[in-house]
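For reference, coords-v5.txt is printed below; it contains compact mmCIF, C-alpha atoms and all ligand atoms.
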# COMPACT_ATOMS: atom_id res chain seq x y z
CA MET A 1 -7.32 -6.56 -8.42
CA HIS A 2 -8.59 -3.11 -9.20
CA PRO A 3 -11.37 -1.92 -6.84
CA GLU A 4 -13.69 -1.37 -9.77
CA ASN A 5 -13.37 -4.87 -11.19
CA SER A 6 -16.80 -5.98 -10.11
CA LYS A 7 -20.06 -4.10 -10.48
CA SER A 8 -21.29 -5.39 -7.14
CA GLU A 9 -18.19 -4.29 -5.21
CA PRO A 10 -18.17 -0.92 -3.49
CA ARG A 11 -16.36 1.47 -5.81
CA HIS A 12 -13.69 2.26 -3.28
CA ALA A 13 -12.25 -0.50 -1.15
CA ALA A 14 -10.23 0.83 1.79
CA PRO A 15 -7.19 2.50 0.21
CA PRO A 16 -3.74 1.49 1.43
CA LYS A 17 -2.04 3.59 4.08
CA VAL A 18 1.14 5.10 2.76
CA ARG A 19 4.14 5.76 5.02
CA ILE A 20 5.58 9.25 4.72
CA GLY A 21 8.41 10.99 6.53
CA ILE A 22 7.68 14.55 7.60
CA SER A 23 9.24 17.52 9.34
CA ALA A 24 7.69 17.08 12.79
CA CYS A 25 6.62 20.73 13.17
CA LEU A 26 4.18 20.27 10.24
CA LEU A 27 2.19 17.79 12.31
CA GLY A 28 1.71 20.38 15.05
CA GLN A 29 4.55 19.18 17.27
CA GLU A 30 6.01 22.14 19.18
CA VAL A 31 9.60 21.60 18.12
CA ARG A 32 10.49 24.87 16.41
CA TYR A 33 13.31 27.05 17.70
CA ASN A 34 10.71 29.37 19.30
CA GLY A 35 8.70 26.54 20.87
CA GLY A 36 5.99 26.79 18.22
CA HIS A 37 4.84 24.57 15.40
CA LYS A 38 3.73 24.91 11.77
CA ARG A 39 0.76 22.56 11.68
CA ASP A 40 -0.41 22.01 8.11
CA ASP A 41 -4.17 21.45 7.98
CA PHE A 42 -4.24 19.65 4.62
CA LEU A 43 -1.51 17.22 5.64
CA VAL A 44 -2.94 16.52 9.10
CA ASP A 45 -6.69 16.61 8.52
CA THR A 46 -7.24 15.65 4.88
CA PHE A 47 -4.24 13.53 3.89
CA GLY A 48 -3.58 12.25 7.42
CA PRO A 49 -6.23 9.47 7.46
CA PHE A 50 -4.42 7.80 4.53
CA VAL A 51 -0.94 8.17 5.95
CA GLU A 52 1.26 6.66 8.61
CA TRP A 53 3.51 9.62 9.38
CA VAL A 54 7.14 9.23 10.42
CA PRO A 55 7.92 12.59 12.08
CA VAL A 56 11.51 13.79 12.29
CA CYS A 57 12.86 17.01 13.77
CA PRO A 58 16.59 16.96 13.04
CA GLU A 59 17.37 19.87 15.35
CA VAL A 60 15.55 18.42 18.38
CA GLU A 61 16.85 14.91 17.72
CA LEU A 62 20.33 16.37 17.59
CA GLY A 63 19.77 17.53 21.19
CA MET A 64 19.42 21.25 20.54
CA GLY A 65 16.34 21.53 22.77
CA THR A 66 13.21 23.67 22.46
CA PRO A 67 13.21 26.63 22.53
CA ARG A 68 16.73 27.12 21.16
CA PRO A 69 18.75 29.87 19.49
CA ALA A 70 18.02 30.22 15.77
CA ILE A 71 20.45 28.74 13.27
CA ARG A 72 20.98 29.63 9.62
CA LEU A 73 22.97 28.83 6.51
CA GLU A 74 25.92 31.12 5.85
CA ARG A 75 28.17 31.33 2.83
CA ILE A 76 31.72 31.08 4.12
CA GLY A 77 34.69 30.75 1.80
CA GLY A 78 33.50 28.69 -1.14
CA GLY A 79 30.94 26.68 0.85
CA VAL A 80 27.73 26.89 2.84
CA ARG A 81 27.85 26.30 6.60
CA LEU A 82 25.16 25.85 9.24
CA ARG A 83 25.81 28.33 12.00
CA MET A 84 24.25 29.65 15.19
CA PRO A 85 24.87 33.42 15.02
CA SER A 86 24.19 34.03 18.73
CA THR A 87 27.09 31.80 19.82
CA GLY A 88 29.16 31.61 16.65
CA ALA A 89 28.95 27.79 16.74
CA ASP A 90 29.37 25.94 13.45
CA LEU A 91 26.96 23.00 13.40
CA THR A 92 27.56 21.86 9.83
CA ASP A 93 29.53 18.70 10.53
CA VAL A 94 27.50 17.57 13.49
CA MET A 95 24.23 18.06 11.56
CA ARG A 96 25.68 16.29 8.49
CA ASN A 97 26.74 13.29 10.56
CA PHE A 98 23.44 13.13 12.38
CA SER A 99 21.50 13.43 9.11
CA ARG A 100 23.45 10.66 7.40
CA GLY A 101 22.70 8.27 10.26
CA ARG A 102 19.05 9.31 10.58
CA VAL A 103 18.44 8.97 6.86
CA GLU A 104 20.11 5.56 6.89
CA ALA A 105 17.59 4.47 9.54
CA LEU A 106 14.73 5.98 7.51
CA ALA A 107 15.89 4.01 4.48
CA THR A 108 14.93 0.80 6.29
CA LEU A 109 11.33 1.94 6.83
CA SER A 110 10.06 1.63 3.24
CA LEU A 111 8.86 5.24 3.09
CA ASP A 112 6.59 6.21 0.21
CA GLY A 113 7.36 9.92 0.36
CA TYR A 114 8.63 12.82 2.46
CA VAL A 115 7.26 16.28 3.24
CA LEU A 116 9.78 18.89 4.32
CA LYS A 117 9.29 22.26 5.98
CA LYS A 118 10.20 25.09 3.66
CA ASP A 119 12.84 27.73 4.42
CA SER A 120 14.47 25.71 7.21
CA PRO A 121 18.30 25.52 7.25
CA SER A 122 17.88 21.88 8.29
CA CYS A 123 14.74 20.71 6.44
CA GLY A 124 14.24 23.16 3.53
CA LEU A 125 14.27 21.53 0.10
CA GLU A 126 15.12 24.52 -2.07
CA ARG A 127 15.46 28.30 -2.05
CA VAL A 128 16.58 28.34 1.58
CA LYS A 129 18.12 31.68 2.50
CA VAL A 130 21.92 31.68 2.66
CA TYR A 131 23.32 34.63 4.57
CA PRO A 132 26.72 36.28 4.32
CA PRO A 133 28.91 35.43 7.33
CA ALA A 134 27.99 37.25 10.56
CA GLY A 135 29.40 40.76 10.32
CA GLY A 136 30.40 40.16 6.70
CA ALA A 137 29.36 42.21 3.72
CA GLY A 138 27.08 41.09 0.90
CA ALA A 139 23.47 40.17 0.38
CA SER A 140 21.73 36.94 1.27
CA ALA A 141 20.57 34.66 -1.54
CA LYS A 142 17.70 32.16 -1.61
CA ASP A 143 19.61 29.33 -3.18
CA GLY A 144 20.34 26.93 -0.32
CA ARG A 145 19.12 23.52 0.78
CA GLY A 146 18.79 22.34 4.36
CA ILE A 147 21.51 19.99 5.62
CA PHE A 148 19.08 17.20 6.52
CA ALA A 149 17.27 17.60 3.19
CA GLN A 150 20.60 17.21 1.35
CA ALA A 151 21.26 13.90 3.09
CA LEU A 152 17.71 12.69 2.45
CA LEU A 153 17.89 13.36 -1.29
CA ALA A 154 21.34 11.85 -1.63
CA ARG A 155 20.38 8.59 0.11
CA LEU A 156 16.84 8.17 -1.29
CA PRO A 157 16.94 9.66 -4.81
CA HIS A 158 13.74 7.91 -5.96
CA LEU A 159 11.60 8.98 -3.02
CA PRO A 160 8.85 11.53 -3.81
CA VAL A 161 9.84 14.59 -1.76
CA GLU A 162 8.04 17.90 -1.50
CA GLU A 163 7.86 21.01 0.66
CA GLU A 164 4.66 21.88 2.44
CA GLY A 165 4.66 25.35 0.83
CA ARG A 166 4.60 23.93 -2.69
CA LEU A 167 1.78 21.61 -1.71
CA ASN A 168 -0.51 24.63 -1.56
CA ASP A 169 -0.42 24.58 -5.37
CA PRO A 170 -3.23 22.16 -6.39
CA ARG A 171 -1.27 20.82 -9.38
CA LEU A 172 1.88 20.12 -7.35
CA ARG A 173 -0.21 18.66 -4.53
CA GLU A 174 -2.03 16.27 -6.87
CA SER A 175 1.22 15.34 -8.54
CA PHE A 176 2.97 14.62 -5.22
CA VAL A 177 0.15 12.41 -3.93
CA THR A 178 0.05 10.55 -7.27
CA ARG A 179 3.79 9.90 -6.99
CA VAL A 180 3.46 8.71 -3.41
CA PHE A 181 0.85 6.10 -4.33
CA ALA A 182 2.82 5.05 -7.44
CA HIS A 183 5.85 4.60 -5.18
CA HIS A 184 3.74 2.58 -2.75
CA ARG A 185 2.67 0.20 -5.56
CA TRP A 186 6.30 -0.01 -6.70
CA GLN A 187 7.43 -1.07 -3.24
CA GLU A 188 4.64 -3.64 -3.04
CA GLY A 189 5.75 -5.08 -6.39
CA GLY A 190 9.34 -5.22 -5.17
CA ARG A 191 8.38 -7.09 -2.02
CA ALA A 192 7.37 -10.14 -4.07
CA GLY A 193 10.61 -9.79 -6.07
CA TRP A 194 10.66 -8.15 -9.49
CA THR A 195 10.48 -10.31 -12.58
CA ARG A 196 10.29 -9.15 -16.20
CA ALA A 197 6.60 -10.04 -16.22
CA ALA A 198 5.92 -8.15 -12.98
CA LEU A 199 7.73 -5.06 -14.29
CA MET A 200 5.65 -5.21 -17.46
CA ARG A 201 2.43 -5.49 -15.42
CA TYR A 202 3.42 -2.45 -13.34
CA HIS A 203 4.24 -0.55 -16.51
CA GLU A 204 0.95 -1.43 -18.18
CA ARG A 205 -1.06 -0.25 -15.17
CA HIS A 206 0.78 3.07 -15.18
CA GLU A 207 0.86 3.67 -18.93
CA LEU A 208 -1.70 6.45 -19.01
CA LEU A 209 -0.20 8.14 -15.96
CA LEU A 210 3.11 8.26 -17.83
CA MET A 211 1.49 9.27 -21.10
CA ALA A 212 -0.09 12.32 -19.45
CA ARG A 213 3.36 13.49 -18.38
CA ASN A 214 5.60 12.50 -21.25
CA PRO A 215 4.54 10.27 -24.17
CA SER A 216 8.11 9.77 -25.40
CA ALA A 217 9.23 8.67 -21.92
CA LEU A 218 6.34 6.20 -21.91
CA ARG A 219 7.56 4.74 -25.22
CA ARG A 220 11.16 4.63 -23.96
CA LEU A 221 10.17 2.76 -20.82
CA GLY A 222 8.04 0.35 -22.86
CA ARG A 223 11.00 -0.35 -25.17
CA LEU A 224 13.26 -0.85 -22.17
CA LEU A 225 11.00 -3.63 -20.87
CA GLY A 226 10.61 -5.07 -24.34
CA ASP A 227 13.35 -6.19 -26.65
CA ALA A 228 15.74 -3.38 -25.86
CA GLY A 229 16.27 -4.61 -22.31
CA ARG A 230 16.35 -8.33 -23.09
CA SER A 231 20.10 -8.64 -22.55
CA ASP A 232 20.00 -6.82 -19.19
CA SER A 233 19.68 -8.68 -15.89
CA VAL A 234 16.39 -8.22 -14.05
CA GLN A 235 18.21 -6.08 -11.48
CA GLU A 236 19.64 -3.79 -14.18
CA LEU A 237 16.24 -3.58 -15.81
CA THR A 238 14.55 -2.75 -12.50
CA ASP A 239 17.10 -0.03 -11.73
CA SER A 240 16.82 1.53 -15.20
CA TYR A 241 13.04 1.38 -15.16
CA LEU A 242 12.84 2.98 -11.70
CA ALA A 243 15.15 5.80 -12.77
CA GLY A 244 12.97 6.50 -15.82
CA LEU A 245 9.76 6.21 -13.84
CA THR A 246 10.98 8.63 -11.16
CA ALA A 247 12.14 11.17 -13.72
CA THR A 248 8.86 11.01 -15.64
CA LEU A 249 6.53 11.19 -12.66
CA SER A 250 8.49 13.99 -11.02
CA ARG A 251 6.96 16.48 -13.48
CA PRO A 252 3.25 17.19 -13.04
CA ALA A 253 1.04 16.48 -16.04
CA SER A 254 -0.06 19.57 -17.96
CA ARG A 255 -3.62 20.28 -19.07
CA ARG A 256 -2.48 19.40 -22.57
CA GLY A 257 -1.06 16.08 -21.37
CA HIS A 258 -4.29 15.18 -19.58
CA THR A 259 -6.36 16.20 -22.61
CA ASN A 260 -4.26 13.91 -24.77
CA VAL A 261 -4.93 10.97 -22.44
CA LEU A 262 -8.64 11.80 -22.20
CA HIS A 263 -8.89 11.67 -26.01
CA HIS A 264 -7.00 8.40 -25.96
CA LEU A 265 -9.53 7.02 -23.47
CA LEU A 266 -12.38 8.37 -25.57
CA GLY A 267 -11.00 6.40 -28.52
CA PHE A 268 -11.13 3.22 -26.46
CA ILE A 269 -14.74 3.53 -25.36
CA SER A 270 -16.32 5.64 -28.09
CA ASP A 271 -17.78 2.67 -30.03
CA ARG A 272 -19.58 1.44 -26.94
CA LEU A 273 -21.36 4.73 -26.23
CA ASP A 274 -24.63 5.93 -27.69
CA ARG A 275 -24.65 9.22 -29.49
CA GLY A 276 -25.80 11.22 -26.45
CA ASP A 277 -23.20 9.78 -24.08
CA ARG A 278 -20.45 10.28 -26.66
CA ALA A 279 -21.43 13.91 -27.27
CA GLU A 280 -21.56 14.57 -23.53
CA LEU A 281 -18.07 13.11 -23.04
CA VAL A 282 -16.58 14.98 -26.00
CA ALA A 283 -18.07 18.24 -24.72
CA THR A 284 -16.80 17.63 -21.18
CA ILE A 285 -13.28 16.90 -22.39
CA GLU A 286 -13.40 20.09 -24.43
CA ARG A 287 -14.55 22.10 -21.42
CA TYR A 288 -11.63 20.65 -19.48
CA ARG A 289 -9.20 21.49 -22.32
CA LEU A 290 -10.41 25.09 -22.29
CA GLY A 291 -10.05 25.37 -18.51
CA LEU A 292 -13.81 25.60 -17.97
CA ALA A 293 -14.09 22.36 -16.00
CA PRO A 294 -11.77 20.52 -13.61
CA LEU A 295 -10.22 17.17 -14.49
CA VAL A 296 -12.66 15.36 -12.21
CA ALA A 297 -15.52 16.14 -14.65
CA PRO A 298 -14.36 14.10 -17.69
CA MET A 299 -12.68 11.58 -15.41
CA THR A 300 -15.93 10.82 -13.57
CA LEU A 301 -17.75 10.25 -16.86
CA ILE A 302 -15.00 8.00 -18.20
CA ARG A 303 -14.84 5.97 -14.98
CA HIS A 304 -18.60 5.54 -15.15
CA HIS A 305 -18.52 4.29 -18.76
CA VAL A 306 -15.53 2.02 -18.17
CA ARG A 307 -17.37 0.39 -15.27
CA ARG A 308 -20.74 0.14 -16.99
CA GLN A 309 -19.36 -1.04 -20.31
CA GLU A 310 -16.94 -3.39 -18.58
CA VAL A 311 -13.95 -2.17 -20.57
CA GLU A 312 -11.54 -4.79 -19.30
CA CYS A 313 -8.38 -3.29 -20.80
CA LEU A 314 -8.87 -0.03 -18.88
CA ARG A 315 -10.01 -1.29 -15.52
CA ASP A 316 -6.54 -1.61 -14.03
CA GLN A 317 -5.33 1.77 -15.29
CA VAL A 318 -4.06 3.69 -12.29
CA TYR A 319 -4.74 6.92 -14.18
CA LEU A 320 -8.46 6.48 -13.61
CA GLU A 321 -7.99 6.48 -9.86
CA PRO A 322 -4.45 7.52 -8.91
CA HIS A 323 -5.29 8.26 -5.25
CA PRO A 324 -8.24 8.02 -2.82
CA HIS A 325 -11.21 9.99 -4.14
CA GLU A 326 -11.82 11.42 -0.63
CA LEU A 327 -8.82 13.69 -1.19
CA VAL A 328 -10.77 15.39 -4.01
CA LEU A 329 -7.50 16.32 -5.66
CA LEU A 330 -8.84 16.08 -9.21
CA ASN A 331 -11.42 18.79 -8.43
CA HIS A 332 -8.69 21.42 -8.43
CA VAL A 333 -6.58 20.54 -11.46
S1 LIG B 401 11.75 22.69 10.15
FE1 LIG B 401 12.75 20.76 10.65
S2 LIG B 401 14.30 21.29 12.17
FE2 LIG B 401 12.88 23.01 12.05
S3 LIG B 401 11.37 22.62 13.64
FE3 LIG B 401 10.56 21.76 11.78
S4 LIG B 401 11.21 19.63 11.84
FE4 LIG B 401 12.47 20.71 13.32
What does the file become when written as structure tokens?
Amino acid sequence: MHPENSKSEPRHAAPPKVRIGISACLLGQEVRYNGGHKRDDFLVDTFGPFVEWVPVCPEVELGMGTPRPAIRLERIGGGVRLRMPSTGADLTDVMRNFSRGRVEALATLSLDGYVLKKDSPSCGLERVKVYPPAGGAGASAKDGRGIFAQALLARLPHLPVEEEGRLNDPRLRESFVTRVFAHHRWQEGGRAGWTRAALMRYHERHELLLMARNPSALRRLGRLLGDAGRSDSVQELTDSYLAGLTATLSRPASRRGHTNVLHHLLGFISDRLDRGDRAELVATIERYRLGLAPLVAPMTLIRHHVRRQEVECLRDQVYLEPHPHELVLLNHV
């Protein structure tokens, strides 16, 4: 039941705690090669109360100790290796084996997302520096991915994964948290066992979220669950739907996409509003479209009207409350 389903209920029942894997140094654990940490205030202080963190430091868990000599990615022959320049040791295979096993264990924990430390040869998601071999000629290039991150993405391709650096961008941050909670609802649905009806219910609740990102993908996913997927088994349908859902949600919604959905919502409730309320909502959506107001402004008005006018067909729409309001993520997009 959606938390807003009754006027007498508090607007926000306690939100679920999501379980997220994280590079341990981002929580303030002193596990870096130099004995330091990279505590991330947003993740720990703001997001933390809604999260059960699963911290992992691949290098410490591998037994490298703290402090330890620095390691880095090096381009050797046609491939990229993980090396410790001070000793010349090649740690690629040992880190790969460790990562495969660690990620296999993580796969049993029903994670809802993962936050990785940027630039790390173990944890970095993208643009990790790859050096020429020690003593070799050539320039370094920022086109690598950490060894642990590679294993994580290969084993859990539908998991929302981000780097802490990218989470400083309000749009990417809002998008990541939205994906994490969508993933959490997906896992909850799967626990009871997916049926065609349950998939359709999930889809209907997330329609506007999908529409804001890609209206044609929304139609495709709707067709998949309708007649087009009738001959598929429920398992095939679930797999295809999840692949489409992941691909669609992985791109943040644009201002244009949100404006489209806001107009769609306006169409639903317009007849129920008096002239003043309608004009106020139209003007607020326009201010958002022009970049003069954040998304929270029209969204707050719409939520208010949906609740007051008891617009049943919109009450379960995740789009109206994709994550806990305490995170104030819609104030910055
Ligand atoms: S980036 Fe990864 S390997 Fe490096 S200290 Fe942080 S958790 Fe450990």
CA of Val296 in chain A to CA of Arg275 in chain A: how many Å, to one decimal?
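Here the two named atoms are 21.9 Å from each other.
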Counting all atoms listed in the file, the residue among A:Glu104, A:Asp45, A:Glu174, A:Asp239 that lies closest to Val328 in chain A is A:Glu174
Using all atoms listed in the file, tabulate the residues of chain A lying at most 6 Å from any atom of ligand LIG 401 (chain B), each with its closest atom pair and that distance in Å to one decimal, by chain and increasing residue number, as a Markdown table.
| residue | atom | partner | partner_atom | distance |
| --- | --- | --- | --- | --- |
| A:Ser23 | CA | B:LIG401 | S4 | 3.8 |
| A:Ala24 | CA | B:LIG401 | S4 | 4.4 |
| A:Cys25 | CA | B:LIG401 | FE3 | 4.3 |
| A:Val31 | CA | B:LIG401 | S3 | 4.9 |
| A:Arg32 | CA | B:LIG401 | S3 | 3.7 |
| A:Val56 | CA | B:LIG401 | S4 | 5.9 |
| A:Cys57 | CA | B:LIG401 | S4 | 3.6 |
| A:Pro58 | CA | B:LIG401 | S2 | 5.0 |
| A:Glu59 | CA | B:LIG401 | S2 | 4.6 |
| A:Lys117 | CA | B:LIG401 | S1 | 4.9 |
| A:Ser120 | CA | B:LIG401 | S1 | 5.0 |
| A:Ser122 | CA | B:LIG401 | S2 | 5.3 |
| A:Cys123 | CA | B:LIG401 | FE1 | 4.7 |
Atoms to include: C-alpha atoms. Write the selected residues as a short mmCIF file (atom, residue, chain, number, x, y, z; two decimals), keeping the file's coordinate frame.
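Final output, result-v7.cif:
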data_model
loop_
_atom_site.label_atom_id
_atom_site.label_comp_id
_atom_site.auth_asym_id
_atom_site.auth_seq_id
_atom_site.Cartn_x
_atom_site.Cartn_y
_atom_site.Cartn_z
CA SER A 23 9.24 17.52 9.34
CA ALA A 24 7.69 17.08 12.79
CA CYS A 25 6.62 20.73 13.17
CA VAL A 31 9.60 21.60 18.12
CA ARG A 32 10.49 24.87 16.41
CA VAL A 56 11.51 13.79 12.29
CA CYS A 57 12.86 17.01 13.77
CA PRO A 58 16.59 16.96 13.04
CA GLU A 59 17.37 19.87 15.35
CA LYS A 117 9.29 22.26 5.98
CA SER A 120 14.47 25.71 7.21
CA SER A 122 17.88 21.88 8.29
CA CYS A 123 14.74 20.71 6.44
#
Give me the residues near Tyr33 in chain A as a list in words, where near means some atom within 10 Å (using all atoms listed in the file) and where sequence neighbours in that chain fewer than 5 positions away do not count.
Glu59, Val60, Met64, Gly65, Thr66, Pro67, Arg68, Pro69, Ala70 and Ile71 of chain A
Edge lengths and centre in Å to one decimal, as lines of an AutoDock Vina configuration file, is what I'm after for the box along x, y and z that holds all listed atoms of range 197-214 of chain A once 8 Å is added on each side.
center_x = 3.0
center_y = 1.7
center_z = -17.1
size_x = 25.4
size_y = 39.5
size_z = 24.3
Close residues, Gly267 in chain A itself excluded, 12 Å, all atoms listed in the file, min 5 positions apart in chain, as a list of chain:residue names:
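Counting only the stated atoms, we get A:Asn260, A:Val261, A:Leu262, A:Arg272, A:Leu273, A:Arg278, A:Leu281, A:Val282, A:Ile302, A:Leu314.
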Leaving out range 46-50 of chain A and any residue of its chain fewer than 6 positions from it, which residues lie within 12 Å of it when counting all atoms listed in the file, given as a list in words?
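What passes the distance filter is Ala14, Pro15, Pro16, Lys17, Val18, Arg19, Ile20, Ile22, Leu26, Leu27, Arg39, Asp40, Asp112, Val115, Leu167, Arg173, Glu174, Phe176, Val177, Val180, Phe181, His323, Pro324, His325, Glu326, Leu327, Val328 and Leu329 of chain A.
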Using only C-alpha atoms, pick whichever of A:Tyr288, A:Thr238, A:Glu163, A:Ala151 has the shortest atom-to-atom distance to Ala198 in chain A.
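Nearest to Ala198 in chain A: A:Thr238.
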In the coordinate frame of the file, compute which residues have an atom within 10 Å of (8.0, -0.3, -20.0) when using only C-alpha atoms, and state them as JSON, numbers by chain.
{"A": [196, 199, 200, 201, 202, 203, 204, 206, 207, 217, 218, 219, 220, 221, 222, 223, 224, 225, 226, 229, 237, 241, 244, 245]}
Exercise: residues within 12 Å of coordinate (1.6, 20.9, -7.3), counting only C-alpha atoms, as an MDAnalysis selection string:
chainID A and resid 161:179 250:254 329:330 332:333
Just to confirm, what's the straight-line distance from CA of Arg75 in chain A to CA of Gly136 in chain A in Å (one decimal)?
9.9 Å
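Atom pair CA of Pro157 in chain A / CA of Leu249 in chain A has a distance of 13.1 Å (rounded to one decimal).
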Would you list the contacts of Arg100 in chain A as a list in words, taking every protein, DNA or RNA residue within 10 Å and counting all atoms listed in the file, but skipping same-chain residues closer than 4 positions in sequence?
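Listed by chain and then number, they are Met95, Arg96, Glu104, Ala105, Leu106, Ile147, Phe148, Gln150, Ala151, Leu152, Ala154 and Arg155 of chain A.
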Would you list the contacts of Gly124 in chain A as a PyMOL selection string, taking every protein, DNA or RNA residue within 7 Å and counting only C-alpha atoms, but skipping same-chain residues closer than 5 positions in sequence?
chain A and resi 116-119+145-146+149
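Between Leu295 in chain A and the residues A:Glu61, A:Glu236, A:Glu321, A:Asp90, the shortest atom-to-atom distance, using all atoms listed in the file, involves A:Glu321.
For the set A:Ala243, A:Val51, A:Val318, A:Ile76, the residue with the smallest atom-to-atom gap to Ala137 in chain A is A:Ile76, counting all atoms listed in the file.
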